[in-house]
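A.B. asks: Below is a structure I'd like to ask you about.
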Amino acid sequence: MRANIAIVTLVTAGLAAAEAPPQAHPYRKQYMHETFGKKAYIGTAGRAAFGQALNRPHEWGRGPSGFGKRLASGFATHVVKNSIQYGVASIRHEDLEYHRSTKRGFGPRLQHALVSTVVTHKTTTGQRTVAAGRISGAMGSGLISRAWQPARLRTVSSGLSTGGIMLGAEAGMNVAREFWPRKRHVAAAQGRHS
């Protein structure tokens, strides 16, 4: 009975918080879009399908139940990662957007894309700083996600490995963002504003 009352109290408090008027927060809209937008669901489903094809972790099996566990695990990890990342970035005033390099040549642009994974700029001063939000989001979610993984994966090294893979994936996305051809009207508009 007490457990039911506690659950009802938590749900009621959560609903009241959801109904409260949102406070102005610079990352709120971006956080909601990146965490619960269509792209997030498609990405989570794609990663779950990849894990299903490789049967990783094998303890979850290949059936619908295994896919459901992979999907739930992937989405929970994604929510934890973004919650930590946006929270820390907000406190530290870190810019979470990727900005293309202004340099020419493959090497300097590649270096910029890779370094931008772990270095960003302050939104208040423009000075370079460690991307603590991005790093702590990846590592924190990698470690926290161990709580619902099979027993053999509930280790610190497994969590750190997962966090490292997330940072590596972010670096790969930065490289794609850097070298993906721009649409002409976007490039022209950016040229007018610089």
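By convention here, the chains of the structure tokens are called A, B, ... in the order presented, each chain's residues are numbered starting at 1, and ligands are numbered starting at 1 in the order presented.
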Skip Met166 of chain A itself and residues of its chain fewer than 2 positions away, then list as a VMD selection string all residues within 10 Å of it, counting only C-alpha atoms.

C.D. replies: chain A and resid 81 134 to 135 137 to 139 141 to 142 160 to 164 168 to 172

A.B. asks: For the residues selected in the previous step, produce a file with N, CA and C atoms as a compact mmCIF listing (two decimals), in the first residue's frame.

C.D. replies:
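Result file selection06.txt:
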# COMPACT_ATOMS: atom_id res chain seq x y z
N LYS A 81 22.37 10.59 -21.39
CA LYS A 81 23.49 11.33 -22.01
C LYS A 81 23.11 12.80 -22.24
N ARG A 134 29.77 17.65 -23.03
CA ARG A 134 29.81 16.55 -23.98
C ARG A 134 30.56 15.34 -23.39
N ILE A 135 31.69 15.59 -22.75
CA ILE A 135 32.49 14.50 -22.19
C ILE A 135 31.76 13.83 -21.03
N GLY A 137 28.57 13.86 -20.41
CA GLY A 137 27.36 13.19 -20.91
C GLY A 137 27.66 11.80 -21.45
N ALA A 138 28.72 11.70 -22.25
CA ALA A 138 29.10 10.40 -22.82
C ALA A 138 29.56 9.44 -21.73
N MET A 139 30.48 9.89 -20.89
CA MET A 139 31.02 9.00 -19.86
C MET A 139 29.98 8.67 -18.79
N SER A 141 26.65 8.63 -19.05
CA SER A 141 25.61 7.72 -19.56
C SER A 141 26.18 6.32 -19.80
N GLY A 142 27.45 6.25 -20.20
CA GLY A 142 28.08 4.94 -20.36
C GLY A 142 28.12 4.18 -19.05
N LEU A 160 33.07 2.84 -19.22
CA LEU A 160 34.00 3.79 -19.82
C LEU A 160 34.19 3.50 -21.31
N SER A 161 34.18 2.22 -21.67
CA SER A 161 34.29 1.84 -23.07
C SER A 161 33.09 2.38 -23.86
N THR A 162 31.91 2.23 -23.30
CA THR A 162 30.70 2.75 -23.96
C THR A 162 30.79 4.27 -24.11
N GLY A 163 31.25 4.96 -23.06
CA GLY A 163 31.42 6.42 -23.14
C GLY A 163 32.42 6.80 -24.22
N GLY A 164 33.52 6.07 -24.32
CA GLY A 164 34.52 6.33 -25.35
C GLY A 164 33.97 6.12 -26.74
N GLY A 168 33.70 8.82 -29.71
CA GLY A 168 34.20 8.51 -31.05
C GLY A 168 33.14 8.72 -32.11
N ALA A 169 31.91 8.34 -31.80
CA ALA A 169 30.80 8.55 -32.74
C ALA A 169 30.56 10.05 -32.95
N GLU A 170 30.68 10.83 -31.87
CA GLU A 170 30.53 12.29 -31.98
C GLU A 170 31.62 12.87 -32.86
N ALA A 171 32.85 12.37 -32.70
CA ALA A 171 33.96 12.84 -33.55
C ALA A 171 33.67 12.52 -35.01
N GLY A 172 33.17 11.33 -35.27
CA GLY A 172 32.81 10.95 -36.64
C GLY A 172 31.72 11.85 -37.22

A.B. asks: Any idea what's packed within 12 Å of Val115 of chain A, counting only C-alpha atoms, ignoring anything in its chain fewer than 6 positions away? Could you give it as a list in words?

C.D. replies: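 The contact residues come out as Tyr98, His99, Arg100, Ser101, Pro108, Arg109, His121, Arg128, Thr129, Val130, Ala131, Leu167, Gly168, Glu170, Ala171, Gly172, Asn174, Val175 and Glu178 of chain A.
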
A.B. asks: Tell me which protein, DNA and RNA residues are within 9 Å of Pro26 of chain A, counting only C-alpha atoms, leaving out same-chain ones fewer than 3 positions away, and put them as JSON, numbers by chain.

C.D. replies: {"A": [29, 30, 90]}

A.B. asks: Take the residues that were just selected and, keeping N, CA and C atoms, output them as an mmCIF file, in the first residue's frame.

C.D. replies:
data_model
loop_
_atom_site.group_PDB
_atom_site.id
_atom_site.type_symbol
_atom_site.label_atom_id
_atom_site.label_comp_id
_atom_site.auth_asym_id
_atom_site.auth_seq_id
_atom_site.Cartn_x
_atom_site.Cartn_y
_atom_site.Cartn_z
ATOM 1 N N LYS A 29 14.696 24.202 -25.488
ATOM 2 C CA LYS A 29 14.100 23.781 -26.760
ATOM 3 C C LYS A 29 15.031 22.809 -27.496
ATOM 4 N N GLN A 30 16.318 23.126 -27.509
ATOM 5 C CA GLN A 30 17.291 22.264 -28.184
ATOM 6 C C GLN A 30 17.361 20.901 -27.496
ATOM 7 N N SER A 90 24.959 23.884 -19.744
ATOM 8 C CA SER A 90 24.211 25.056 -19.320
ATOM 9 C C SER A 90 24.892 25.744 -18.141
#

A.B. asks: Select, from A:Val79, A:Tyr27, A:Pro181, A:Ala49, the residue with the minimum atom-to-atom distance to Glu97 of chain A, counting only C-alpha atoms.

C.D. replies: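 For Glu97 of chain A, the nearest of the candidates is A:Tyr27.
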
A.B. asks: Which of these, A:His33, A:Lys183, A:Arg177, A:Arg152, has the shortest distance to Glu59 of chain A once you count only C-alpha atoms?

C.D. replies: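 Nearest candidate to Glu59 of chain A out of A:His33, A:Lys183, A:Arg177, A:Arg152: A:Arg152.
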
A.B. asks: Write out as a ChimeraX atom specification the set of residues from segment 18-158 of chain A that DSSP, computed on the backbone, places in helix (DSSP H, G or I).

C.D. replies: /A:18-19,28-36,38-54,58-60,64-92,106-115,132-148,151-153,156-158

A.B. asks: Could you tell me how far atom CA of Ser83 of chain A sits from atom CA of Gln127 of chain A, in Å to one decimal place?

C.D. replies: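 So the two atoms, atom CA of Gln127 of chain A and atom CA of Ser83 of chain A, lie 24.0 Å apart.
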
A.B. asks: Which one of A:Val88, A:Leu96, A:Ala72, A:Ala45 sits closest to Gln149 of chain A if you count only C-alpha atoms?

C.D. replies: A:Ala72
